[in-house]
Every structure is written in structure tokens, then in C-alpha cells.
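Asks: My structure is below; once you've seen it, I'll send some questions.
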Amino acid sequence: MTDTNRTPMHRFFAGLTEHTFEVRMGVVDPPLVDYVSQLLVRFVHADTIYKVRKPDGRRLYEVAEMLLEAEHRQGDSKREVHRHIGDFTLFWAGLYPETVESQRRRARLDASLDYRREGKRAYHIASTIP
């Protein structure tokens with residue numbers, strides 16, 4: 001556990017995540033709880049939520065744009081973009097499911113995307129990149 005894992009914010013999210021998974025959902029999976037609590041700590045900052053950028057530095061706000069950018073990358077960079085897409089869709093669909101639909105209505109490219117399906121697909125792709 002790194003120093004950032006011992007912050008009050010991490011302890012808060014770890015406890016909340018553990019309670020939700022174990023008590024409310026009946027899922028006892030410490031690595032999953034740790035991953036989700038780490039994601040929540042990272043995504044507290046909007047810069048992290050929208051960290052994927054084009055080569056010119058422009059932030060990407062839509063999943064479809066991130067998917068297109070991932071196809072232009074290779075190796076670790078491609079894996080990280082796909083992992084981020086999985087995290088991004090997990091965050092929005094899992095934590096704020098009511099906002100996903102309103103986000104999609106405002107989006108140009110994401111209007112027809114299923115965040116859950118794209119997130120699972122992105123995690124799968126990230127896991128297969130050597």
C-alpha cells in the first residue's frame with residue numbers, strides 16, 4: 001500500500017466500497033474493492049477523468065473519441081487508453097447511472113454507445129495487449 005492509499009480520502013472510499021460490495025451486494029472480493037476505491041480516489045480530480053488527449057494536447061470528453069484515439073496508439077499507450085475507457089465507463093455507469101443518459105443526449109459521438117458494453121470491451125482489449 002502506497003502513501004496515497006493511506007489518505008483519509010482513500011480510507012473513506014475503501015470503506016464505502018467494501019461496505020457496498022460486501023453488505024449490499026454480497027460480493028467479497030478484496031482486489032475488486034481495492035481497484036474500485038483506487039478508481040474513485042483517482043477520479044476525484046476532473047483532470048484524471050478526462051486525461052486522454054490527442055497528440056495536439058486537446059482533451060477527449062467522449063468515449064467514441066477515446067476509442068478512436070486508442071486505435072492510433074501502440075503498446076503501453078494503447079493499453080492505458082483502453083483501461084481508461086473501461087474506468088471512465090465504469091465510473092459513469094456505475095456511480096452516476098442517471099447521468100449517463102443525459103450525457104449521451106448532449107454528446108455528438110456517444111449518443112448511440114452502450115457504456116457498459118464499451119467498458120467491458122475496453123477492459124478486455126487492455127488485458128490482451130502484451
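We name chains A, B, ... following the order of the C-alpha cells; residues begin at 1 in each chain, and ligands are numbered from 1 as shown.
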Please, which residues of stretch 22-69 of chain A, numbered as in this document, come out alpha helix (DSSP H) from DSSP, as a list in words?
Replies: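 Secondary structure check on stretch 22-69 of chain A, alpha helix (DSSP H): Pro30, Pro31, Leu32, Val33, Asp34, Tyr35, Val36, Ser37, Gln38, Leu39, Leu40, Val41, Arg42, Ala46, Asp47, Thr48, Ile49, Val63, Ala64, Glu65, Met66, Leu67, Leu68 and Glu69 of chain A.
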Asks: Tell me which of A:Val41, A:Ile85, A:Val100, A:Met66 sits closest to A:Arg121, counting only C-alpha atoms.
Replies: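 Nearest candidate to A:Arg121 out of A:Val41, A:Ile85, A:Val100, A:Met66: A:Ile85.
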Asks: Got a sec: who's within 10 Å of A:Glu65, counting only C-alpha atoms, leaving out chain neighbours fewer than 5 positions off, as a ChimeraX atom specification?
Replies: /A:52-54,59-60,70,108-110
Asks: Write out as a list in words which residues come within 12 Å of stretch 15-31 of chain A when counting only C-alpha atoms, dropping same-chain ones fewer than 6 positions away.
Replies: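 The filter keeps Pro8, Met9, Ser37, Gln38, Leu39, Leu40, Val41, Gly94 and Leu95 of chain A.
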Asks: Pick out the residues sitting within 9 Å of A:Pro130, and hand them over as JSON, numbers by chain; count only C-alpha atoms, and ignore anything fewer than 6 positions along from it in its own chain.
Replies: {"A": [75, 76, 79]}
Asks: Can you tell me, as a list in words, what residues are no more than 10 Å from A:Leu90 when counting only C-alpha atoms, ignoring any on the same chain fewer than 6 positions away?
Replies: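 With the cut-off at 10 Å, the set is Val36, Leu39, His84, Tyr96, Pro97, Tyr115, Arg116, Glu118, Gly119 and Lys120 of chain A.
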Asks: Distance table requested - stretch 63-82 of chain A against stretch 122-125 of chain A, cut-off 9 Å, only C-alpha atoms: one row per qualifying residue with the closest atom pair and its distance in Å to one decimal, ordered by chain and rising residue number, as JSON lines.
Replies:
{"residue": "A:Leu67", "atom": "CA", "partner": "A:Ala122", "partner_atom": "CA", "distance": 8.4}
{"residue": "A:Arg79", "atom": "CA", "partner": "A:Ile125", "partner_atom": "CA", "distance": 7.4}
{"residue": "A:Val81", "atom": "CA", "partner": "A:Ala122", "partner_atom": "CA", "distance": 8.6}
{"residue": "A:His82", "atom": "CA", "partner": "A:Ala122", "partner_atom": "CA", "distance": 4.8}
Asks: Please save all heavy atoms of the selected residues as an mmCIF file, in the first residue's frame.
Replies:
data_model
loop_
_atom_site.group_PDB
_atom_site.id
_atom_site.type_symbol
_atom_site.label_atom_id
_atom_site.label_comp_id
_atom_site.auth_asym_id
_atom_site.auth_seq_id
_atom_site.Cartn_x
_atom_site.Cartn_y
_atom_site.Cartn_z
ATOM 1 N N LEU A 67 -11.969 5.969 -28.040
ATOM 2 C CA LEU A 67 -11.798 4.725 -28.787
ATOM 3 C C LEU A 67 -11.022 4.964 -30.080
ATOM 4 O O LEU A 67 -10.131 4.187 -30.435
ATOM 5 C CB LEU A 67 -13.160 4.097 -29.100
ATOM 6 C CG LEU A 67 -13.898 3.497 -27.906
ATOM 7 C CD1 LEU A 67 -15.352 3.212 -28.257
ATOM 8 C CD2 LEU A 67 -13.194 2.232 -27.428
ATOM 9 N N ARG A 79 -2.838 0.283 -24.359
ATOM 10 C CA ARG A 79 -3.424 -0.417 -23.207
ATOM 11 C C ARG A 79 -3.961 0.575 -22.185
ATOM 12 O O ARG A 79 -5.067 0.422 -21.662
ATOM 13 C CB ARG A 79 -2.385 -1.342 -22.554
ATOM 14 C CG ARG A 79 -2.956 -2.095 -21.356
ATOM 15 C CD ARG A 79 -2.018 -3.099 -20.704
ATOM 16 N NE ARG A 79 -0.641 -2.697 -20.554
ATOM 17 C CZ ARG A 79 0.365 -3.029 -21.357
ATOM 18 N NH1 ARG A 79 0.151 -3.768 -22.416
ATOM 19 N NH2 ARG A 79 1.601 -2.618 -21.119
ATOM 20 N N VAL A 81 -4.999 3.675 -22.650
ATOM 21 C CA VAL A 81 -6.212 4.354 -23.124
ATOM 22 C C VAL A 81 -7.408 3.419 -22.989
ATOM 23 O O VAL A 81 -8.472 3.826 -22.515
ATOM 24 C CB VAL A 81 -6.060 4.878 -24.568
ATOM 25 C CG1 VAL A 81 -7.397 5.413 -25.089
ATOM 26 C CG2 VAL A 81 -5.006 5.969 -24.632
ATOM 27 N N HIS A 82 -7.250 2.155 -23.362
ATOM 28 C CA HIS A 82 -8.369 1.207 -23.228
ATOM 29 C C HIS A 82 -8.723 0.996 -21.753
ATOM 30 O O HIS A 82 -9.906 0.932 -21.410
ATOM 31 C CB HIS A 82 -8.055 -0.119 -23.915
ATOM 32 C CG HIS A 82 -8.285 -0.073 -25.388
ATOM 33 N ND1 HIS A 82 -9.539 0.022 -25.951
ATOM 34 C CD2 HIS A 82 -7.420 -0.092 -26.421
ATOM 35 C CE1 HIS A 82 -9.437 0.048 -27.260
ATOM 36 N NE2 HIS A 82 -8.156 -0.008 -27.577
#
